[in-house]
Amino acid sequence: MNAPNARPAEGVDYYVENGRWVFTAAYHQKRGHCCKSGCRHCPFGNSPSDRTAEDTPRPTQPKS
């Protein structure tokens, strides 16, 4: 396991997809808390696949 402030390791803590870093569940678990950003591999139940339609914010209607 990496030291708390160590640089994330590619292939363990993240992988690159279309030029962007995608953090793994292992990285999030090392971090120890959820940032509520809807990360793909969130082990804390906040990934997009864990959400229900009721959890998803609806777009607001513009005021006339």
# chains A, B, ... in the order shown; residues from 1 in each chain; ligands from 1
$ residues_around --residues "stretch 11-18 of chain A" --least-positions-apart "5" --cutoff "10 Å" --atoms "only C-alpha atoms" --output "NGL selection string"
:A and (1-2 or 23-30)
$ closest_residue --among "A:Asn46, A:Trp21, A:Arg51, A:Arg7" --to "A:Cys34" --atoms "only C-alpha atoms"
A:Asn46
$ closest_residue --among "A:Glu10, A:Phe44, A:Gly19, A:Ser49" --to "A:Arg31" --atoms "only C-alpha atoms"
A:Phe44
